[in-house]
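Asker: I'm passing along final_27.txt; it holds compact mmCIF, C-alpha atoms.
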```txt
# COMPACT_ATOMS: atom_id res chain seq x y z
CA MET I 1 91.34 156.74 76.93
CA ALA I 2 92.61 154.36 79.63
CA VAL I 3 96.09 155.92 79.67
CA GLY I 4 94.94 159.49 79.14
CA GLY I 5 95.28 160.27 82.86
CA CYS I 6 98.78 158.85 83.18
CA SER I 7 100.49 162.10 82.19
CA GLY I 8 99.90 165.83 82.31
CA PRO I 9 100.49 168.68 84.77
CA LEU I 10 98.11 167.29 87.42
CA SER I 11 98.72 163.56 86.95
CA THR I 12 99.61 161.60 90.09
CA LEU I 13 101.11 158.88 87.89
CA ASP I 14 103.63 161.16 86.12
CA ALA I 15 105.82 161.51 89.20
CA ALA I 16 108.65 164.05 89.29
CA GLY I 17 109.77 163.47 92.89
CA PRO I 18 110.38 160.57 95.29
CA ALA I 19 107.27 161.19 97.41
CA ALA I 20 105.01 161.28 94.36
CA ALA I 21 106.71 158.15 93.01
CA ARG I 22 105.83 156.29 96.22
CA VAL I 23 102.22 157.44 95.95
CA ALA I 24 102.10 156.30 92.32
CA SER I 25 103.57 152.88 93.19
CA PHE I 26 100.96 152.50 95.95
CA TRP I 27 98.23 153.31 93.41
CA TRP I 28 99.54 150.71 90.98
CA ALA I 29 99.68 148.11 93.76
CA MET I 30 96.06 148.87 94.71
CA LEU I 31 95.01 148.66 91.05
CA ALA I 32 96.72 145.29 90.63
CA GLY I 33 95.11 143.96 93.80
CA ALA I 34 91.67 145.25 92.86
CA THR I 35 92.00 143.74 89.38
CA ALA I 36 92.99 140.34 90.79
CA LEU I 37 90.11 140.33 93.28
CA SER I 38 87.63 141.45 90.61
CA LEU I 39 88.75 138.64 88.31
CA LEU I 40 88.34 136.16 91.16
CA VAL I 41 84.79 137.37 91.81
CA PHE I 42 83.86 137.15 88.12
CA VAL I 43 85.31 133.64 87.85
CA LEU I 44 83.37 132.50 90.90
CA LEU I 45 80.22 134.09 89.53
CA LEU I 46 80.71 132.30 86.22
CA LEU I 47 81.27 128.98 88.00
CA ALA I 48 78.11 129.55 90.03
CA PHE I 49 76.07 129.90 86.85
CA LEU I 50 77.75 126.94 85.15
CA ARG I 51 77.23 124.68 88.15
CA ARG I 52 73.70 125.80 88.92
CA GLY I 53 71.62 122.91 90.21
CA ARG I 54 74.64 120.72 90.95
CA GLU I 55 75.59 119.65 94.42
CA GLY I 56 78.62 121.51 95.66
CA ARG I 57 81.70 119.54 96.66
CA THR I 58 83.59 122.32 98.43
CA SER I 59 83.12 123.41 102.01
CA PRO I 60 81.23 126.69 102.60
CA THR I 61 83.79 127.44 105.30
CA LEU I 62 86.49 127.78 102.65
CA TRP I 63 84.55 130.30 100.60
CA ILE I 64 82.99 132.31 103.41
CA GLY I 65 85.68 132.07 106.10
CA GLY I 66 88.77 131.85 103.92
CA LEU I 67 88.10 133.87 100.77
CA GLY I 68 85.25 135.98 102.16
CA VAL I 69 86.73 137.05 105.50
CA ALA I 70 90.37 136.08 105.97
CA MET I 71 91.68 137.17 102.57
CA PRO I 72 90.14 140.70 102.63
CA ILE I 73 91.48 141.22 106.16
CA VAL I 74 95.00 140.25 105.08
CA VAL I 75 94.86 142.45 101.98
CA LEU I 76 93.46 145.47 103.86
CA LEU I 77 95.99 145.17 106.69
CA ALA I 78 98.82 145.04 104.16
CA LEU I 79 97.51 148.16 102.40
CA VAL I 80 97.04 150.04 105.67
CA GLY I 81 100.55 149.14 106.80
CA TYR I 82 102.07 150.30 103.52
CA ALA I 83 100.01 153.52 103.60
CA LEU I 84 101.17 154.32 107.15
CA MET I 85 104.80 153.74 106.17
CA LEU I 86 104.36 155.92 103.10
CA GLY I 87 102.74 158.70 105.12
CA GLU I 88 105.55 158.66 107.69
CA ARG I 89 108.13 159.17 104.94
CA ILE I 90 106.18 162.04 103.43
CA ILE I 91 105.42 164.02 106.59
CA ALA I 92 108.67 163.30 108.46
CA PRO I 93 110.43 166.58 109.34
CA GLY I 94 113.62 167.35 107.49
CA LEU I 95 117.13 167.24 108.85
CA SER I 96 119.14 170.23 109.96
CA GLY I 97 119.91 172.50 107.01
CA THR I 98 116.78 171.56 105.05
CA VAL I 99 115.02 174.44 103.30
CA VAL I 100 111.86 175.36 105.26
CA ILE I 101 109.03 177.30 103.62
CA ASP I 102 105.80 178.53 105.21
CA ALA I 103 102.74 177.98 103.00
CA THR I 104 99.64 179.93 104.05
CA ALA I 105 96.29 179.43 102.33
CA ARG I 106 93.38 181.83 102.23
CA GLN I 107 90.33 182.42 100.07
CA TRP I 108 91.61 182.17 97.35
CA SER I 109 95.35 182.51 97.12
CA TRP I 110 98.55 181.02 98.50
CA GLU I 111 101.33 182.89 100.26
CA PHE I 112 104.80 181.37 100.52
CA SER I 113 107.38 182.75 102.94
CA HIS I 114 110.98 181.84 102.21
CA ARG I 115 113.69 182.25 104.82
CA THR I 116 116.86 183.53 103.16
CA GLY I 117 120.16 184.98 104.24
CA GLU I 118 118.75 188.45 103.60
CA GLY I 119 115.69 187.87 105.79
CA MET I 120 112.32 186.77 104.42
CA GLN I 121 110.93 186.70 100.88
CA VAL I 122 107.19 186.39 100.28
CA THR I 123 105.68 185.19 97.02
CA HIS I 124 102.04 184.74 96.06
CA ASN I 125 100.78 181.69 94.19
CA GLU I 126 104.36 180.74 93.31
CA LEU I 127 106.40 178.38 95.45
CA HIS I 128 110.11 178.61 94.68
CA MET I 129 112.35 175.75 95.80
CA PRO I 130 115.68 174.13 94.92
CA ALA I 131 115.59 171.05 92.71
CA GLY I 132 117.26 167.85 93.81
CA GLN I 133 116.82 168.27 97.56
CA ALA I 134 114.05 167.83 100.09
CA VAL I 135 112.05 170.87 101.16
CA VAL I 136 109.92 171.05 104.29
CA LEU I 137 106.63 172.95 104.03
CA ARG I 138 104.86 174.32 107.08
CA ILE I 139 101.25 174.49 105.89
CA ALA I 140 98.46 176.48 107.56
CA ALA I 141 95.37 178.56 106.70
CA VAL I 142 93.89 181.83 107.90
CA ASP I 143 90.17 181.32 107.24
CA VAL I 144 88.78 177.87 106.29
CA ILE I 145 90.27 174.45 105.61
CA HIS I 146 92.23 174.24 102.37
CA SER I 147 94.47 171.48 101.02
CA PHE I 148 97.93 171.78 99.47
CA TRP I 149 98.50 169.44 96.54
CA VAL I 150 101.16 169.23 93.84
CA PRO I 151 100.30 165.88 92.23
CA ARG I 152 103.65 165.34 90.52
CA LEU I 153 105.69 166.07 93.66
CA ALA I 154 103.80 164.80 96.74
CA GLY I 155 100.50 163.80 98.26
CA LYS I 156 97.87 166.11 99.72
CA MET I 157 98.16 167.94 103.02
CA ASP I 158 95.37 169.92 104.69
CA ALA I 159 95.85 173.57 105.56
CA ILE I 160 93.94 174.11 108.81
CA PRO I 161 93.38 177.44 110.62
CA GLY I 162 95.29 177.57 113.91
CA HIS I 163 97.31 174.44 113.15
CA VAL I 164 100.53 173.78 111.23
CA ASN I 165 100.95 170.59 109.20
CA VAL I 166 104.33 169.54 107.86
CA LEU I 167 104.92 168.11 104.39
CA ARG I 168 108.21 167.14 102.78
CA ILE I 169 108.44 167.43 99.01
CA GLN I 170 111.22 167.16 96.48
CA ALA I 171 111.53 167.86 92.77
CA GLU I 172 114.06 165.60 91.08
CA ARG I 173 114.82 168.13 88.35
CA PRO I 174 114.26 171.84 87.64
CA GLY I 175 110.93 172.77 86.13
CA VAL I 176 107.47 174.19 86.74
CA TYR I 177 104.86 172.03 88.45
CA ASP I 178 101.17 172.87 88.82
CA GLY I 179 99.44 172.76 92.18
CA GLN I 180 95.93 173.32 93.45
CA CYS I 181 93.74 173.35 96.52
CA ALA I 182 92.25 169.87 96.93
CA GLU I 183 89.60 170.80 99.52
CA PHE I 184 86.41 172.65 98.60
CA CYS I 185 86.90 176.03 100.24
CA GLY I 186 84.16 178.23 98.85
CA SER I 187 82.96 179.75 95.59
CA GLY I 188 86.50 180.51 94.38
CA HIS I 189 87.81 176.99 94.92
CA SER I 190 88.17 176.18 91.22
CA GLY I 191 90.61 179.07 90.81
CA HIS I 192 92.61 178.36 93.94
CA LEU I 193 95.70 177.37 91.99
CA PHE I 194 99.43 177.88 92.31
CA ARG I 195 102.63 176.64 90.75
CA VAL I 196 105.94 175.32 92.01
CA ILE I 197 109.14 176.53 90.38
CA ALA I 198 112.07 174.21 91.06
CA HIS I 199 115.37 175.97 90.39
CA ASP I 200 118.77 174.60 89.54
CA GLU I 201 121.63 175.59 91.85
CA ALA I 202 122.32 178.89 90.10
CA GLY I 203 118.65 179.81 89.85
CA TRP I 204 118.02 179.06 93.51
CA ALA I 205 120.97 181.20 94.55
CA ALA I 206 119.64 184.02 92.40
CA PHE I 207 116.18 183.72 93.94
CA GLN I 208 117.63 183.90 97.44
CA ARG I 209 119.43 187.08 96.49
CA GLY I 210 116.15 188.53 95.29
CA GLU I 211 117.13 188.48 91.63
CA THR I 212 114.34 186.07 90.59
CA ARG I 213 110.67 186.60 91.32
```
Output the file's structure as structure tokens, nothing else.

Answerer:
Amino acid sequence: MAVGGCSGPLSTLDAAGPAAARVASFWWAMLAGATALSLLVFVLLLLAFLRRGREGRTSPTLWIGGLGVAMPIVVLLALVGYALMLGERIIAPGLSGTVVIDATARQWSWEFSHRTGEGMQVTHNELHMPAGQAVVLRIAAVDVIHSFWVPRLAGKMDAIPGHVNVLRIQAERPGVYDGQCAEFCGSGHSGHLFRVIAHDEAGWAAFQRGETR
């Protein structure tokens, strides 16, 4: 049961892209840190029961100031710093020549606009992209706040009416990846799903020519 959530179409730990892999590594680091701190608390609690009634020989300053205040501050600052660095890598705009796709959310569907040599292709609830290269998504909404999330490819990004957020995702290999809205957006939220189809080079070229839908 403990490893049941480590795989599957919506697992954040079964990464299929570099951004998702960084998110997964951050999760594992947080789990390791939380486990170590929990063990420390349980050991101290056990010692407190075993030494009940005995005069303490250690300074309260060590436990309260050092382990109670200083250590959590250091750990939290390290986590915040890593999270900010991770976020910068995920939302950083792509370089010249990167594929740019507009993702527009509404109650309760997704519209993806692909710029191609022939003009513009629009798909609904299916995001087509090339595998093996970074893709920049311009994410917005037309009614309420939604949230774009493909757990195996990248972290979450809000879709906000009147505002465009940028997310960079990449699929390491061709395949189909499930996505969903991660923000409650009304009665149809549970069905606000989509999928990402990552094409190989030939498949992506065919899609751009309008031969794949």

Asker: With distances taken over only C-alpha atoms, which of I:His163, I:Arg173, I:Arg195, I:Lys156 is nearest to Phe112 of chain I?

Answerer: I:Arg195

Asker: Val176 of chain I: which residues within 7 Å, counting only C-alpha atoms, same-chain residues fewer than 6 positions away excluded, as a list in words?

Answerer: Arg195, Val196, Ile197 and Ala198 of chain I

Asker: Return the single residue from I:Val166, I:Val75, I:Ser113, I:Ile160 that is closest to Ala36 of chain I, with distances computed using only C-alpha atoms.

Answerer: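 Using only C-alpha atoms, Ala36 of chain I sits closest to I:Val75.
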
Asker: Could you name the residues that touch Phe148 of chain I at 9 Å or less, counting all atoms listed in the file, but leaving out those on the same chain fewer than 5 positions away, as a short mmCIF file (atom, residue, chain, number, x, y, z; two decimals) with C-alpha atoms, in the frame of the given file?

Answerer:
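Resulting contents of result-v3.cif:
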```
data_model
loop_
_atom_site.label_atom_id
_atom_site.label_comp_id
_atom_site.auth_asym_id
_atom_site.auth_seq_id
_atom_site.Cartn_x
_atom_site.Cartn_y
_atom_site.Cartn_z
CA ALA I 103 102.74 177.98 103.00
CA ALA I 105 96.29 179.43 102.33
CA ILE I 139 101.25 174.49 105.89
CA GLY I 155 100.50 163.80 98.26
CA LYS I 156 97.87 166.11 99.72
CA MET I 157 98.16 167.94 103.02
CA ASP I 158 95.37 169.92 104.69
CA ALA I 159 95.85 173.57 105.56
CA GLY I 179 99.44 172.76 92.18
CA GLN I 180 95.93 173.32 93.45
CA CYS I 181 93.74 173.35 96.52
CA ALA I 182 92.25 169.87 96.93
CA GLU I 183 89.60 170.80 99.52
#
```

Asker: Would you mind telling me which residue in I:Ala70, I:Ile169, I:Ala34, I:Val80 lies nearest to Val99 of chain I when using all atoms listed in the file?

Answerer: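 Checking each of I:Ala70, I:Ile169, I:Ala34, I:Val80 against Val99 of chain I, counting all atoms listed in the file, the winner is I:Ile169.
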
Asker: Interatomic distance between atom CA of Ala131 of chain I and atom CA of Ile145 of chain I?

Answerer: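 Calculated distance between atom CA of Ala131 of chain I and atom CA of Ile145 of chain I is 28.6 Å.
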
Asker: Report, in Å with one decimal, the straight-line distance from atom CA of Phe184 of chain I to atom CA of Trp108 of chain I.

Answerer: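 Atom CA of Trp108 of chain I lies at a distance of 10.9 Å from atom CA of Phe184 of chain I.
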
Asker: Would you mind telling me which residue in I:Met120, I:Pro161, I:Pro151, I:His146 lies nearest to Asp14 of chain I when using all atoms listed in the file?

Answerer: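 Comparing I:Met120, I:Pro161, I:Pro151, I:His146 against Asp14 of chain I, the winner is I:Pro151.
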
Asker: When distances are computed from only C-alpha atoms, which of I:Ala154, I:Leu167, I:His124, I:Met30 shows the smallest separation from Ala78 of chain I?

Answerer: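 Comparing I:Ala154, I:Leu167, I:His124, I:Met30 against Ala78 of chain I, the winner is I:Met30.
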
Asker: In terms of the shortest atom-to-atom distance over only C-alpha atoms, which of I:Val136, I:Ile101, I:Ala16, I:Met85 is closest to Thr123 of chain I?

Answerer: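 Using only C-alpha atoms, the shortest distance to Thr123 of chain I belongs to I:Ile101.
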
Asker: To one decimal place, how far is atom CA of Asp200 of chain I from atom CA of Gly119 of chain I in Å?

Answerer: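 So the answer is 21.2 Å.
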